[in-house]
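J.: Take this structure, written in C-alpha cells, and hold onto it; I'll ask about it next.
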Amino acid sequence: MAIDLHKYANPRRFLKIISAIYPWSVAVTVILLVAGLYLGLFVAPPDYQQGETVRIMFVHVPAAWMALSIYTMMAVSSAVGLIWKHPVADLSAKAAAPIGASFTFLALVTGSLWGQPMWGTYWVWDARLTSMLVLLFLYLGYMAIWESFEDPNKAAKAATILILVGAINVPIIKFSVDWWNTLHQPASVATLQGPKIHSSILMPLLIMGSAYTSFFVMVWIIRVKAEILGRRLRILQMNALRDK
C-alpha cells in the first residue's frame with residue numbers, strides 16, 4: 001500500500017500529527033532512559049577484560065547509532081524536499097541537524113574516554129574515528145549553509161547538495177572496521193550471525209538505543225514545530241511589508 005506523502009506536506013496537518021506524538025515521546029523517553037541507565041550502570045556485569053569502563057558503552061554506542069541514523073533520516077528528508085518540493089521535508093532535516101551533531105559529538109567524546117584505558121590514547125586517526133569526525137563536520141557544514149543564505153529556498157537547495165553528497169560517508173563509517181585494519185572493535189550487535197555479546201549487556205544497550213531514539217523524536221518535534229512556525233511568521237512579515 002503506497003504512502004501518500006503529499007498529505008503530510010501540509011504544515012497544519014503535520015503539526016497536528018507531531019503534537020499528538022509529543023507527550024508519548026516524553027513519557028517513553030523518561031521510562032526507557034531510567035531503565036537503561038539503571039540496567040547499564042548497576043545490573044550489567046563488568047567486562048572480564050575492560051572492567052567497569054565497559055559501562056561507557058551504554059552511552060557511546062547508542063550515540064553513534066543515532067549519529068548515523070539521524071544523518072540518514074536527514075538525507076532522505078532532503079531528497080524528498082528536492083524531488084517533490086515538500087517544504088516540511090526540508091524543515092524536518094534542518095530541525096534534526098543540531099540533534100545529530102550533538103549525538104556525534106557525544107559519540108566522539110565518550111569514544112575517546114573509552115579508548116584511553118583500552119588503547120592507551122584518547123585518539124587515533126583510524127578509519128572509524130576519522131570518518132565519524134568527518135560526519136561531525138558534515139553536520140556543522142549543513143547548519144552553516146542554512147545560516148549563510150537569506151533566501152530559505154536557496155539555503156535548502158545548497159544544504160541538500162551537501163547532505164546528499166556526504167551520505168557516502170555513512171556506509172564508510174558502518175563498514176570501516178571491516179574494510180580496513182583499525183583499533184576499533186568490529187560490529188557485535190547487528191551481524192549476519194546475530195549479536196555477539198551476552199544478553200546482560202545487550203538488553204540495556206538496546207534499551208538505551210531505544211531511549212536515545214525516543215529522545216530524538218521528542219526534541220525533533222520541538223525543533224520542527226519552531227521551524228514551521230518561524231517560516232510562517234516570516235511569510236506573514238513579508239506579506240505585511242508588501243501591503244505597505
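Ordering of the C-alpha cells sets the chain letters (A, B, ...); residue numbers start at 1 within each chain; ligands are numbered from 1 in the order shown.
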Taking a cut-off of 9 Å and counting only C-alpha atoms, can you build a table that, for each residue of region 64-141 of chain A near region 53-60 of chain A, reports the nearest atom pair and how far apart they are in Å (one decimal), sorted by chain then residue number, as a tab-separated table?

T.:
residue	atom	partner	partner_atom	distance
A:Ala64	CA	A:His60	CA	6.3
A:Trp65	CA	A:His60	CA	8.8
A:Leu106	CA	A:His60	CA	7.1
A:Ala107	CA	A:His60	CA	5.0
A:Leu108	CA	A:His60	CA	8.0
A:Val109	CA	A:His60	CA	8.4
A:Thr110	CA	A:His60	CA	5.5
A:Gly111	CA	A:His60	CA	6.2
A:Leu113	CA	A:Ile56	CA	8.1
A:Trp114	CA	A:Ile56	CA	6.4
A:Pro117	CA	A:Thr53	CA	8.0
A:Met118	CA	A:Thr53	CA	8.8

J.: Write down as a PyMOL selection string the residues belonging to region 21-218 of chain A that are assigned helix (DSSP H, G or I) by DSSP computed on the backbone.

T.: chain A and resi 21-43+52-84+87-119+127-148+152-166+169-179+199-218

J.: Name the residues in contact with Leu229 (chain A) at a cut-off of 12 Å, using only C-alpha atoms, excluding same-chain residues fewer than 3 positions from it; report them as a PDB file with N, CA, C and O atoms, in the first residue's frame.

T.:
ATOM      1  N   PRO A  11       1.644  21.808   6.359  1.00  0.00           N
ATOM      2  CA  PRO A  11       2.218  22.093   7.682  1.00  0.00           C
ATOM      3  C   PRO A  11       1.214  21.986   8.817  1.00  0.00           C
ATOM      4  O   PRO A  11       1.549  21.495   9.898  1.00  0.00           O
ATOM      5  N   ARG A  12      -0.014  22.432   8.583  1.00  0.00           N
ATOM      6  CA  ARG A  12      -1.016  22.385   9.649  1.00  0.00           C
ATOM      7  C   ARG A  12      -1.336  20.946  10.044  1.00  0.00           C
ATOM      8  O   ARG A  12      -1.404  20.614  11.239  1.00  0.00           O
ATOM      9  N   PHE A  14       0.598  18.360   9.510  1.00  0.00           N
ATOM     10  CA  PHE A  14       1.824  17.791  10.062  1.00  0.00           C
ATOM     11  C   PHE A  14       1.993  18.183  11.532  1.00  0.00           C
ATOM     12  O   PHE A  14       2.352  17.349  12.378  1.00  0.00           O
ATOM     13  N   LEU A  15       1.727  19.448  11.853  1.00  0.00           N
ATOM     14  CA  LEU A  15       1.825  19.915  13.237  1.00  0.00           C
ATOM     15  C   LEU A  15       0.841  19.184  14.141  1.00  0.00           C
ATOM     16  O   LEU A  15       1.158  18.868  15.297  1.00  0.00           O
ATOM     17  N   VAL A  88       7.927  20.882   4.253  1.00  0.00           N
ATOM     18  CA  VAL A  88       8.101  20.281   5.573  1.00  0.00           C
ATOM     19  C   VAL A  88       9.324  19.361   5.598  1.00  0.00           C
ATOM     20  O   VAL A  88      10.000  19.245   6.616  1.00  0.00           O
ATOM     21  N   LEU A  91      12.470  21.409   6.261  1.00  0.00           N
ATOM     22  CA  LEU A  91      12.482  21.873   7.649  1.00  0.00           C
ATOM     23  C   LEU A  91      12.702  20.712   8.612  1.00  0.00           C
ATOM     24  O   LEU A  91      13.294  20.890   9.676  1.00  0.00           O
ATOM     25  N   ILE A 222       9.955  19.368  18.951  1.00  0.00           N
ATOM     26  CA  ILE A 222      10.044  20.750  19.440  1.00  0.00           C
ATOM     27  C   ILE A 222      10.691  21.645  18.399  1.00  0.00           C
ATOM     28  O   ILE A 222      10.208  22.739  18.093  1.00  0.00           O
ATOM     29  N   ARG A 223      11.783  21.160  17.805  1.00  0.00           N
ATOM     30  CA  ARG A 223      12.530  21.968  16.856  1.00  0.00           C
ATOM     31  C   ARG A 223      11.787  22.148  15.540  1.00  0.00           C
ATOM     32  O   ARG A 223      11.781  23.244  14.974  1.00  0.00           O
ATOM     33  N   VAL A 224      11.158  21.096  15.037  1.00  0.00           N
ATOM     34  CA  VAL A 224      10.482  21.218  13.742  1.00  0.00           C
ATOM     35  C   VAL A 224       9.244  22.100  13.875  1.00  0.00           C
ATOM     36  O   VAL A 224       8.893  22.847  12.941  1.00  0.00           O
ATOM     37  N   LYS A 225       8.575  22.058  15.020  1.00  0.00           N
ATOM     38  CA  LYS A 225       7.448  22.963  15.235  1.00  0.00           C
ATOM     39  C   LYS A 225       7.922  24.408  15.223  1.00  0.00           C
ATOM     40  O   LYS A 225       7.275  25.292  14.636  1.00  0.00           O
ATOM     41  N   ALA A 226       9.070  24.653  15.852  1.00  0.00           N
ATOM     42  CA  ALA A 226       9.626  26.010  15.866  1.00  0.00           C
ATOM     43  C   ALA A 226      10.008  26.462  14.461  1.00  0.00           C
ATOM     44  O   ALA A 226       9.807  27.631  14.096  1.00  0.00           O
ATOM     45  N   ARG A 232       6.334  30.396   8.958  1.00  0.00           N
ATOM     46  CA  ARG A 232       5.013  31.013   8.819  1.00  0.00           C
ATOM     47  C   ARG A 232       5.057  32.484   9.231  1.00  0.00           C
ATOM     48  O   ARG A 232       4.447  33.347   8.580  1.00  0.00           O
ATOM     49  N   LEU A 233       5.803  32.787  10.292  1.00  0.00           N
ATOM     50  CA  LEU A 233       5.930  34.168  10.752  1.00  0.00           C
ATOM     51  C   LEU A 233       6.657  35.028   9.722  1.00  0.00           C
ATOM     52  O   LEU A 233       6.255  36.168   9.457  1.00  0.00           O
ATOM     53  N   ARG A 234       7.720  34.459   9.112  1.00  0.00           N
ATOM     54  CA  ARG A 234       8.460  35.219   8.090  1.00  0.00           C
ATOM     55  C   ARG A 234       7.567  35.530   6.889  1.00  0.00           C
ATOM     56  O   ARG A 234       7.644  36.618   6.309  1.00  0.00           O
ATOM     57  N   ILE A 235       6.733  34.573   6.500  1.00  0.00           N
ATOM     58  CA  ILE A 235       5.810  34.801   5.374  1.00  0.00           C
ATOM     59  C   ILE A 235       4.827  35.912   5.704  1.00  0.00           C
ATOM     60  O   ILE A 235       4.543  36.796   4.871  1.00  0.00           O
ATOM     61  N   LEU A 236       4.302  35.912   6.924  1.00  0.00           N
ATOM     62  CA  LEU A 236       3.364  36.960   7.339  1.00  0.00           C
ATOM     63  C   LEU A 236       4.043  38.321   7.354  1.00  0.00           C
ATOM     64  O   LEU A 236       3.452  39.335   6.947  1.00  0.00           O
TER      65      LEU A 236
END

J.: Between CA of Leu205 (chain A) and CA of Ala44 (chain A), measure the distance and give it in Å to one decimal.

T.: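 Here the two named atoms are 9.8 Å from each other.
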
J.: Report as a PDB file with N, CA, C and O atoms, in the first residue's frame all protein, DNA and RNA residues lying within 12 Å of Thr72 (chain A), evaluated on only C-alpha atoms, omitting residues in the same chain fewer than 6 positions from it.

T.:
ATOM      1  N   TRP A  65      25.009   5.141  17.049  1.00  0.00           N
ATOM      2  CA  TRP A  65      23.869   4.692  16.240  1.00  0.00           C
ATOM      3  C   TRP A  65      23.013   5.873  15.806  1.00  0.00           C
ATOM      4  O   TRP A  65      22.617   5.978  14.648  1.00  0.00           O
ATOM      5  N   MET A  66      22.726   6.761  16.760  1.00  0.00           N
ATOM      6  CA  MET A  66      21.856   7.895  16.456  1.00  0.00           C
ATOM      7  C   MET A  66      22.518   8.862  15.489  1.00  0.00           C
ATOM      8  O   MET A  66      21.852   9.449  14.628  1.00  0.00           O
ATOM      9  N   SER A  78      15.814  15.402   2.882  1.00  0.00           N
ATOM     10  CA  SER A  78      16.316  16.377   1.916  1.00  0.00           C
ATOM     11  C   SER A  78      16.011  15.939   0.487  1.00  0.00           C
ATOM     12  O   SER A  78      15.671  16.763  -0.364  1.00  0.00           O
ATOM     13  N   ALA A  79      16.145  14.632   0.220  1.00  0.00           N
ATOM     14  CA  ALA A  79      15.828  14.121  -1.115  1.00  0.00           C
ATOM     15  C   ALA A  79      14.348  14.296  -1.429  1.00  0.00           C
ATOM     16  O   ALA A  79      13.983  14.679  -2.551  1.00  0.00           O
ATOM     17  N   ALA A  93      14.637  18.094   8.024  1.00  0.00           N
ATOM     18  CA  ALA A  93      16.085  17.848   8.030  1.00  0.00           C
ATOM     19  C   ALA A  93      16.816  18.938   8.798  1.00  0.00           C
ATOM     20  O   ALA A  93      17.737  18.654   9.578  1.00  0.00           O
ATOM     21  N   ALA A  96      16.571  18.469  12.504  1.00  0.00           N
ATOM     22  CA  ALA A  96      17.289  17.307  13.022  1.00  0.00           C
ATOM     23  C   ALA A  96      18.790  17.535  13.129  1.00  0.00           C
ATOM     24  O   ALA A  96      19.465  16.858  13.924  1.00  0.00           O
ATOM     25  N   ALA A  97      19.335  18.473  12.359  1.00  0.00           N
ATOM     26  CA  ALA A  97      20.786  18.630  12.261  1.00  0.00           C
ATOM     27  C   ALA A  97      21.479  18.889  13.595  1.00  0.00           C
ATOM     28  O   ALA A  97      22.460  18.202  13.925  1.00  0.00           O
ATOM     29  N   GLY A 100      21.549  15.685  15.645  1.00  0.00           N
ATOM     30  CA  GLY A 100      22.511  14.726  15.118  1.00  0.00           C
ATOM     31  C   GLY A 100      23.944  15.126  15.417  1.00  0.00           C
ATOM     32  O   GLY A 100      24.775  14.278  15.753  1.00  0.00           O
ATOM     33  N   LEU A 135      31.822  13.119   9.807  1.00  0.00           N
ATOM     34  CA  LEU A 135      30.371  13.222   9.969  1.00  0.00           C
ATOM     35  C   LEU A 135      30.006  14.463  10.790  1.00  0.00           C
ATOM     36  O   LEU A 135      29.055  15.173  10.462  1.00  0.00           O
ATOM     37  N   TYR A 139      27.666  17.689   9.582  1.00  0.00           N
ATOM     38  CA  TYR A 139      26.561  18.289  10.337  1.00  0.00           C
ATOM     39  C   TYR A 139      26.775  19.792  10.503  1.00  0.00           C
ATOM     40  O   TYR A 139      25.861  20.591  10.268  1.00  0.00           O
ATOM     41  N   ILE A 163      24.248  17.443   2.071  1.00  0.00           N
ATOM     42  CA  ILE A 163      23.817  16.283   2.845  1.00  0.00           C
ATOM     43  C   ILE A 163      23.768  15.033   1.982  1.00  0.00           C
ATOM     44  O   ILE A 163      24.098  13.930   2.434  1.00  0.00           O
ATOM     45  N   LEU A 164      23.384  15.180   0.704  1.00  0.00           N
ATOM     46  CA  LEU A 164      23.304  14.010  -0.177  1.00  0.00           C
ATOM     47  C   LEU A 164      24.697  13.538  -0.605  1.00  0.00           C
ATOM     48  O   LEU A 164      24.944  12.333  -0.667  1.00  0.00           O
ATOM     49  N   VAL A 165      25.582  14.477  -0.895  1.00  0.00           N
ATOM     50  CA  VAL A 165      26.957  14.091  -1.237  1.00  0.00           C
ATOM     51  C   VAL A 165      27.630  13.445  -0.031  1.00  0.00           C
ATOM     52  O   VAL A 165      28.330  12.431  -0.141  1.00  0.00           O
ATOM     53  N   GLY A 166      27.392  14.015   1.142  1.00  0.00           N
ATOM     54  CA  GLY A 166      28.005  13.484   2.352  1.00  0.00           C
ATOM     55  C   GLY A 166      27.452  12.143   2.787  1.00  0.00           C
ATOM     56  O   GLY A 166      28.053  11.474   3.642  1.00  0.00           O
ATOM     57  N   ALA A 167      26.316  11.728   2.221  1.00  0.00           N
ATOM     58  CA  ALA A 167      25.718  10.450   2.607  1.00  0.00           C
ATOM     59  C   ALA A 167      26.636   9.269   2.302  1.00  0.00           C
ATOM     60  O   ALA A 167      26.491   8.202   2.906  1.00  0.00           O
ATOM     61  N   ILE A 168      27.598   9.448   1.399  1.00  0.00           N
ATOM     62  CA  ILE A 168      28.544   8.374   1.096  1.00  0.00           C
ATOM     63  C   ILE A 168      29.369   8.020   2.322  1.00  0.00           C
ATOM     64  O   ILE A 168      29.911   6.909   2.437  1.00  0.00           O
ATOM     65  N   ASN A 169      29.457   8.960   3.277  1.00  0.00           N
ATOM     66  CA  ASN A 169      30.241   8.703   4.487  1.00  0.00           C
ATOM     67  C   ASN A 169      29.559   7.723   5.429  1.00  0.00           C
ATOM     68  O   ASN A 169      30.225   7.104   6.259  1.00  0.00           O
ATOM     69  N   VAL A 170      28.241   7.577   5.323  1.00  0.00           N
ATOM     70  CA  VAL A 170      27.516   6.690   6.232  1.00  0.00           C
ATOM     71  C   VAL A 170      27.947   5.227   6.069  1.00  0.00           C
ATOM     72  O   VAL A 170      28.315   4.577   7.051  1.00  0.00           O
ATOM     73  N   PRO A 171      27.933   4.649   4.847  1.00  0.00           N
ATOM     74  CA  PRO A 171      28.429   3.268   4.723  1.00  0.00           C
ATOM     75  C   PRO A 171      29.921   3.150   5.016  1.00  0.00           C
ATOM     76  O   PRO A 171      30.373   2.085   5.454  1.00  0.00           O
TER      77      PRO A 171
END
